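**Student:** my_file.txt is reproduced in full below (compact mmCIF, C-alpha atoms).
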# COMPACT_ATOMS: atom_id res chain seq x y z
CA MET A 167 0.00 0.00 0.00
CA GLU A 168 1.39 3.39 -1.00
CA GLN A 169 2.43 5.64 1.86
CA LEU A 170 0.66 8.97 2.04
CA ASN A 171 2.22 12.29 3.10
CA VAL A 172 5.75 10.89 3.27
CA PRO A 173 8.35 13.70 3.27
CA LYS A 174 10.82 13.70 0.42
CA LEU A 175 13.61 13.85 2.99
CA GLU A 176 13.56 13.25 6.73
CA LEU A 177 16.30 13.45 9.36
CA LYS A 178 15.77 11.77 12.72
CA GLU A 179 18.05 12.57 15.66
CA VAL A 180 21.18 12.81 13.50
CA ARG A 181 24.35 13.03 15.58
CA LYS A 182 27.96 13.17 14.41
CA VAL A 183 31.08 12.75 16.52
CA PHE A 184 34.60 12.73 15.09
CA ASN A 185 37.28 10.87 17.03
CA ASP A 186 40.78 12.32 17.04
CA ARG A 187 43.75 10.53 18.62
CA GLU A 188 45.21 13.80 19.91
CA PHE A 189 42.12 15.77 20.88
CA GLY A 190 39.61 13.00 21.57
CA GLU A 191 35.94 13.26 20.68
CA ASN A 192 34.66 16.25 18.72
CA GLU A 193 30.87 16.38 18.64
CA VAL A 194 29.80 18.41 15.60
CA LEU A 195 26.09 17.59 15.31
CA LYS A 196 24.28 16.94 18.59
CA SER A 197 20.73 16.11 17.52
CA ILE A 198 19.26 17.21 14.20
CA SER A 199 15.69 16.35 13.18
CA PHE A 200 13.67 17.93 10.38
CA SER A 201 11.81 16.99 7.21
CA VAL A 202 11.69 18.45 3.71
CA GLU A 203 8.60 18.30 1.53
CA PRO A 204 8.65 17.48 -2.21
CA ASN A 205 9.74 20.48 -4.31
CA GLU A 206 10.41 22.57 -1.20
CA PHE A 207 13.31 25.04 -1.11
CA LEU A 208 14.68 24.54 2.40
CA VAL A 209 17.58 26.64 3.68
CA ILE A 210 19.87 25.49 6.48
CA LEU A 211 21.30 28.61 8.10
CA GLY A 212 24.07 28.57 10.66
CA PRO A 213 27.29 30.21 11.79
CA GLY A 214 30.69 29.09 10.60
CA LEU A 215 31.94 25.77 11.97
CA SER A 216 28.41 24.65 12.87
CA GLY A 217 28.71 21.44 10.85
CA LYS A 218 26.53 22.45 7.91
CA THR A 219 28.75 20.73 5.32
CA VAL A 220 29.03 17.61 7.50
CA LEU A 221 25.23 17.53 7.65
CA LEU A 222 24.94 17.75 3.85
CA ASN A 223 27.49 14.97 3.43
CA ILE A 224 25.43 12.77 5.74
CA ILE A 225 22.25 13.56 3.80
CA ALA A 226 24.03 12.67 0.56
CA GLY A 227 25.20 9.38 2.02
CA LEU A 228 28.84 10.41 1.62
CA GLU A 229 29.45 10.28 5.34
CA LYS A 230 27.88 8.16 8.08
CA ALA A 231 26.11 9.63 11.08
CA THR A 232 27.28 8.45 14.48
CA SER A 233 23.63 7.85 15.30
CA GLY A 234 20.23 8.74 13.91
CA SER A 235 18.90 8.22 10.40
CA VAL A 236 18.23 9.95 7.10
CA LEU A 237 15.25 8.82 5.02
CA LEU A 238 14.63 9.52 1.33
CA ASP A 239 11.00 8.85 0.39
CA GLY A 240 10.68 6.93 3.65
CA ALA A 241 13.67 4.62 3.03
CA PRO A 242 17.11 4.87 4.71
CA ILE A 243 20.05 6.33 2.80
CA THR A 244 23.04 4.12 3.43
CA ASP A 245 25.44 5.01 0.59
CA GLY A 246 25.78 7.77 -1.97
CA SER A 247 22.42 7.89 -3.71
CA PRO A 248 22.00 8.63 -7.44
CA LYS A 249 18.78 10.40 -6.44
CA ILE A 250 20.80 13.09 -4.66
CA SER A 251 23.17 15.59 -6.29
CA MET A 252 25.33 18.23 -4.66
CA VAL A 253 26.59 21.63 -5.75
CA PHE A 254 29.70 22.72 -3.84
CA GLN A 255 31.19 26.13 -3.09
CA LYS A 256 34.19 25.04 -5.14
CA THR A 257 32.69 23.63 -8.30
CA GLY A 258 35.49 21.12 -8.89
CA LEU A 259 35.24 21.32 -12.68
CA LEU A 260 37.79 19.06 -14.33
CA ALA A 261 40.42 21.24 -16.00
CA TRP A 262 41.02 18.75 -18.83
CA LYS A 263 37.37 18.57 -19.85
CA SER A 264 35.32 21.16 -21.71
CA VAL A 265 32.29 22.80 -20.09
CA ILE A 266 29.81 20.41 -21.68
CA GLU A 267 32.01 17.39 -20.89
CA ASN A 268 32.06 18.51 -17.25
CA ILE A 269 28.28 18.73 -17.25
CA GLU A 270 28.11 15.16 -18.58
CA VAL A 271 30.29 13.76 -15.78
CA GLY A 272 27.41 12.61 -13.60
CA LEU A 273 26.14 10.34 -16.38
CA LEU A 274 29.46 8.82 -17.45
CA TYR A 275 29.10 5.76 -15.25
CA THR A 276 25.49 5.05 -16.09
CA ASP A 277 24.03 3.13 -19.00
CA THR A 278 22.83 6.35 -20.63
CA ASP A 279 23.39 6.34 -24.38
CA PRO A 280 26.15 8.84 -25.34
CA LYS A 281 23.80 10.78 -27.62
CA GLU A 282 21.18 11.01 -24.86
CA ARG A 283 23.89 11.99 -22.39
CA ARG A 284 25.03 14.84 -24.62
CA ALA A 285 21.44 15.95 -25.28
CA ARG A 286 20.67 16.12 -21.55
CA ALA A 287 23.88 18.02 -20.86
CA GLN A 288 23.05 20.48 -23.64
CA LYS A 289 19.53 20.99 -22.25
CA TYR A 290 20.81 22.06 -18.85
CA LEU A 291 23.74 23.99 -20.25
CA ASP A 292 21.20 26.03 -22.19
CA LEU A 293 18.94 26.32 -19.13
CA VAL A 294 21.69 27.91 -17.02
CA GLY A 295 22.59 30.37 -19.76
CA LEU A 296 25.87 28.89 -21.00
CA THR A 297 24.86 28.40 -24.63
CA GLY A 298 27.91 29.05 -26.79
CA PHE A 299 30.39 28.03 -24.09
CA GLU A 300 30.14 24.28 -24.66
CA ASN A 301 33.73 23.86 -25.80
CA HIS A 302 35.40 26.35 -23.47
CA TRP A 303 37.81 25.11 -20.82
CA PRO A 304 37.07 25.88 -17.15
CA LYS A 305 40.01 28.31 -17.00
CA GLN A 306 38.35 30.36 -19.76
CA ILE A 307 35.12 31.12 -17.87
CA SER A 308 34.29 33.26 -14.84
CA GLY A 309 33.47 32.10 -11.31
CA GLY A 310 29.78 32.69 -11.84
CA MET A 311 29.84 30.69 -15.06
CA LYS A 312 31.64 27.84 -13.30
CA GLN A 313 28.84 27.75 -10.73
CA ARG A 314 26.28 27.69 -13.53
CA ALA A 315 28.12 24.69 -14.98
CA GLY A 316 28.11 23.04 -11.56
CA ILE A 317 24.35 23.55 -11.26
CA ALA A 318 23.82 22.18 -14.78
CA ARG A 319 25.97 19.14 -13.92
CA ALA A 320 23.84 18.46 -10.83
CA TYR A 321 20.55 18.80 -12.74
CA THR A 322 21.76 16.62 -15.62
CA ALA A 323 21.90 13.65 -13.24
CA ASP A 324 18.13 14.15 -12.70
CA PRO A 325 18.21 13.96 -8.89
CA ASP A 326 15.17 13.95 -6.62
CA VAL A 327 17.03 16.15 -4.13
CA LEU A 328 19.58 18.85 -4.89
CA LEU A 329 21.99 19.80 -2.07
CA MET A 330 23.78 23.15 -2.33
CA ASP A 331 26.69 23.87 0.01
CA GLU A 332 27.19 27.65 0.14
CA PRO A 333 27.49 27.65 -3.65
CA PHE A 334 27.69 31.43 -4.00
CA GLY A 335 29.89 32.18 -0.99
CA ALA A 336 33.06 32.75 -3.01
CA LEU A 337 31.42 35.07 -5.57
CA ASP A 338 31.46 38.86 -5.53
CA ALA A 339 28.28 40.55 -4.29
CA GLN A 340 26.84 41.44 -7.71
CA THR A 341 27.43 37.96 -9.14
CA ARG A 342 26.00 36.41 -5.98
CA TYR A 343 22.74 38.35 -6.30
CA SER A 344 22.53 37.34 -9.95
CA MET A 345 23.09 33.67 -9.13
CA GLU A 346 20.44 33.75 -6.40
CA ASP A 347 17.92 34.93 -8.97
CA GLU A 348 19.22 32.33 -11.41
CA ILE A 349 18.76 29.37 -9.07
CA LEU A 350 15.22 30.53 -8.26
CA ARG A 351 14.46 30.76 -11.99
CA ILE A 352 15.77 27.24 -12.61
CA TRP A 353 13.98 25.87 -9.53
CA GLY A 354 10.75 27.39 -10.84
CA MET A 355 11.18 25.66 -14.19
CA GLU A 356 12.66 22.34 -13.04
CA LYS A 357 10.97 21.69 -9.71
CA LYS A 358 13.33 19.81 -7.41
CA THR A 359 13.57 19.48 -3.67
CA ILE A 360 16.45 21.76 -2.68
CA VAL A 361 18.40 21.87 0.57
CA PHE A 362 20.56 24.99 0.48
CA VAL A 363 23.23 25.77 3.09
CA THR A 364 24.36 29.32 3.88
CA ASN A 365 25.64 31.51 6.71
CA ASN A 366 24.07 34.61 5.15
CA ILE A 367 20.73 35.67 6.66
CA GLU A 368 19.65 37.82 3.69
CA GLU A 369 20.34 34.96 1.28
CA ALA A 370 18.35 32.56 3.46
CA VAL A 371 15.30 34.85 3.60
CA TYR A 372 15.52 35.66 -0.12
CA LEU A 373 15.64 32.02 -1.24
CA GLY A 374 13.90 29.80 1.26
CA ASP A 375 10.38 28.46 1.70
CA ARG A 376 11.55 27.56 5.20
CA ILE A 377 14.72 28.24 7.16
CA VAL A 378 16.24 25.81 9.67
CA LEU A 379 18.49 27.77 12.03
CA LEU A 380 21.38 25.85 13.58
CA SER A 381 23.23 26.69 16.76
CA ASP A 382 26.99 26.77 17.10
CA ALA A 383 28.65 23.34 17.30
CA PRO A 384 27.75 20.89 18.64
CA SER A 385 24.75 21.89 16.56
CA THR A 386 21.11 21.60 17.42
CA ILE A 387 18.14 23.29 15.75
CA LYS A 388 17.48 26.62 17.44
CA ASN A 389 14.37 27.46 15.44
CA THR A 390 12.55 26.95 12.16
CA PHE A 391 11.06 29.87 10.23
CA LYS A 392 8.41 29.65 7.53
CA VAL A 393 9.00 32.40 4.97
CA ASP A 394 5.57 33.71 4.03
CA LEU A 395 6.80 36.37 1.63
CA PRO A 396 5.68 36.61 -2.01
CA ARG A 397 8.15 35.90 -4.79
CA PRO A 398 10.06 37.68 -6.22
CA ARG A 399 11.11 39.05 -2.84
CA ASN A 400 12.01 42.64 -2.08
CA GLN A 401 14.93 42.78 0.33
CA MET A 402 13.86 46.24 1.48
CA SER A 403 10.24 45.35 2.19
CA GLU A 404 8.91 45.60 5.73
CA GLY A 405 8.25 41.87 5.97
CA PHE A 406 11.73 40.94 4.69
CA LEU A 407 13.49 43.28 7.09
CA ALA A 408 11.37 42.14 10.04
CA LEU A 409 12.15 38.45 9.44
CA ARG A 410 15.84 39.20 8.90
CA GLU A 411 15.95 41.03 12.23
CA LYS A 412 14.10 38.24 14.02
CA ILE A 413 16.56 35.65 12.75
CA SER A 414 19.63 37.81 13.43
CA GLN A 415 18.62 38.13 17.08
CA GLN A 416 18.71 34.35 17.41
CA MET A 417 21.70 33.50 15.27
CA GLU A 418 25.00 32.85 17.05
CA LEU A 419 28.02 34.55 15.55
CA VAL A 420 31.38 32.82 15.63
CA LEU A 421 34.32 35.24 15.50
Let me see whether you can do it: turn the structure in this file into structure tokens.

**Tutor:**
Amino acid sequence: MEQLNVPKLELKEVRKVFNDREFGENEVLKSISFSVEPNEFLVILGPGLSGKTVLLNIIAGLEKATSGSVLLDGAPITDGSPKISMVFQKTGLLAWKSVIENIEVGLLYTDTDPKERRARAQKYLDLVGLTGFENHWPKQISGGMKQRAGIARAYTADPDVLLMDEPFGALDAQTRYSMEDEILRIWGMEKKTIVFVTNNIEEAVYLGDRIVLLSDAPSTIKNTFKVDLPRPRNQMSEGFLALREKISQQMELVL
């Protein structure tokens, strides 16, 4: 019998402790529980060193939790899942491959026909606005264009869940604002469940349907905010500024 109202993604009491021979136990995640609905844009907001990247790696199945569980469509994630893709702050484009070859990487080890693989890569290359740059090398394109290629690479794998680990953190302010609008445009066209990590309050409020606010490490969830603001959002509107202030009063800053 088909399960009803099952979250796309669910974390239950996820805890992570690293063991170091010199310094002993280092508890990064204390107890993290939340769910993500299908096609939701969820933002995980937290200060530096709060374990946000560790949490994404656990969700992706790239790292094991010390305890707790992560469920995708109600089933445990035990290893890296092809239904989950990640976009990193450093795109990791392969220098010896062209832009379109980099976008194809996620399909190289599948049984996808080469012509279909190229067609899918071209579709998402066009979607992120890189038409005409197919045969450029990574060193020939800007930081913002590299992130576009990274997003296209993630979408080409056709994941159910897209994880984004501070993907715009290394970009200049103008490019960052542009890329925020770009990911919202793509999300609107190609509905995916997105879990987006940031330490920037304005970015969280601008992008998210909901915001999960983490404490400093060892991290717990301090609060969850539903963002009931119309899209596209005005960062100078009364509602935007009020929510930003509310979150800033609760967010711990690590100096």

**Student:** How many Å separate atom CA of A:Ile360 from atom CA of A:Val327?

**Tutor:**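 That distance, rounded to one decimal, is 5.8 Å.
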
**Student:** Would you compute the distance between atom CA of A:Val393 and atom CA of A:Met345? Give it in Å to one decimal.

**Tutor:**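 Atom-to-atom, atom CA of A:Val393 to atom CA of A:Met345, that is 20.0 Å.
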
**Student:** Grab the atom CA of A:Arg286 to atom CA of A:Glu332 distance for me, in Å with one decimal place.

**Tutor:**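 Those two atoms sit 25.4 Å apart.
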
**Student:** I'd like to know which of A:Asn389, A:Asn365, A:Thr322, A:Asn171 is closest to A:Gly240, using all atoms listed in the file.

**Tutor:**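 Under the stated criterion, the closest residue is A:Asn171.
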
**Student:** Compile the contact shell of stretch 370-379 of chain A as a list in words: residues with an atom at most 8 Å away, counting only C-alpha atoms, same-chain residues fewer than 5 positions apart removed.

**Tutor:**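 Result of the neighbour search: Glu206, Phe207, Leu208, Val209, Ile210, Leu211, Gly212, Glu346, Leu350, Thr364, Ile387, Lys388, Asn389, Thr390, Phe391, Lys392, Val393, Asp394, Arg399, Gln401, Phe406, Leu409, Arg410 and Met417 of chain A.
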
**Student:** Skip A:Asn400 itself and residues of its chain fewer than 2 positions away, then list as a ChimeraX atom specification all residues within 12 Å of it, counting all atoms listed in the file.

**Tutor:** /A:347,368-369,371-373,395-398,402-407

**Student:** When distances are computed from only C-alpha atoms, which of A:Ser197, A:Ser264, A:Gln415, A:Asn366 shows the smallest separation from A:Pro213?

**Tutor:** A:Asn366

**Student:** What box, with edges along x, y and z, holds each listed atom of stretch 318-327 of chain A when 4 Å is added on every side, and can you state its centre and edge lengths in Å to one decimal, as JSON?

**Tutor:**
{"center_x": 20.6, "center_y": 17.9, "center_z": -9.9, "size_x": 18.8, "size_y": 16.5, "size_z": 19.5}

**Student:** Using only C-alpha atoms, which residue out of A:Thr386, A:Gln288, A:Thr257, A:Thr276 lies closest to A:Pro304?

**Tutor:**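 Among the listed residues, the smallest separation from A:Pro304 belongs to A:Thr257.
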
**Student:** For A:Met311, find every residue with an atom within 10 Å (counting only C-alpha atoms), except residues of its own chain fewer than 5 positions away, and show them as a list of chain:residue names.

**Tutor:**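 My list of contacting residues is A:Val265, A:Val294, A:Gly295, A:Leu296, A:Phe299, A:Pro304, A:Gln306, A:Gly316, A:Ile317, A:Thr341, A:Met345.
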
**Student:** In terms of the shortest atom-to-atom distance over all atoms listed in the file, which of A:Asn223, A:Asp186, A:Ala383, A:Glu348 is closest to A:Phe254?

**Tutor:**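 Selected residue with least distance to A:Phe254: A:Asn223.
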
**Student:** Would you mind telling me which residue in A:Phe362, A:Asn301, A:Val180, A:Lys263 lies nearest to A:Glu229 when using only C-alpha atoms?

**Tutor:**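 Using only C-alpha atoms, A:Glu229 sits closest to A:Val180.
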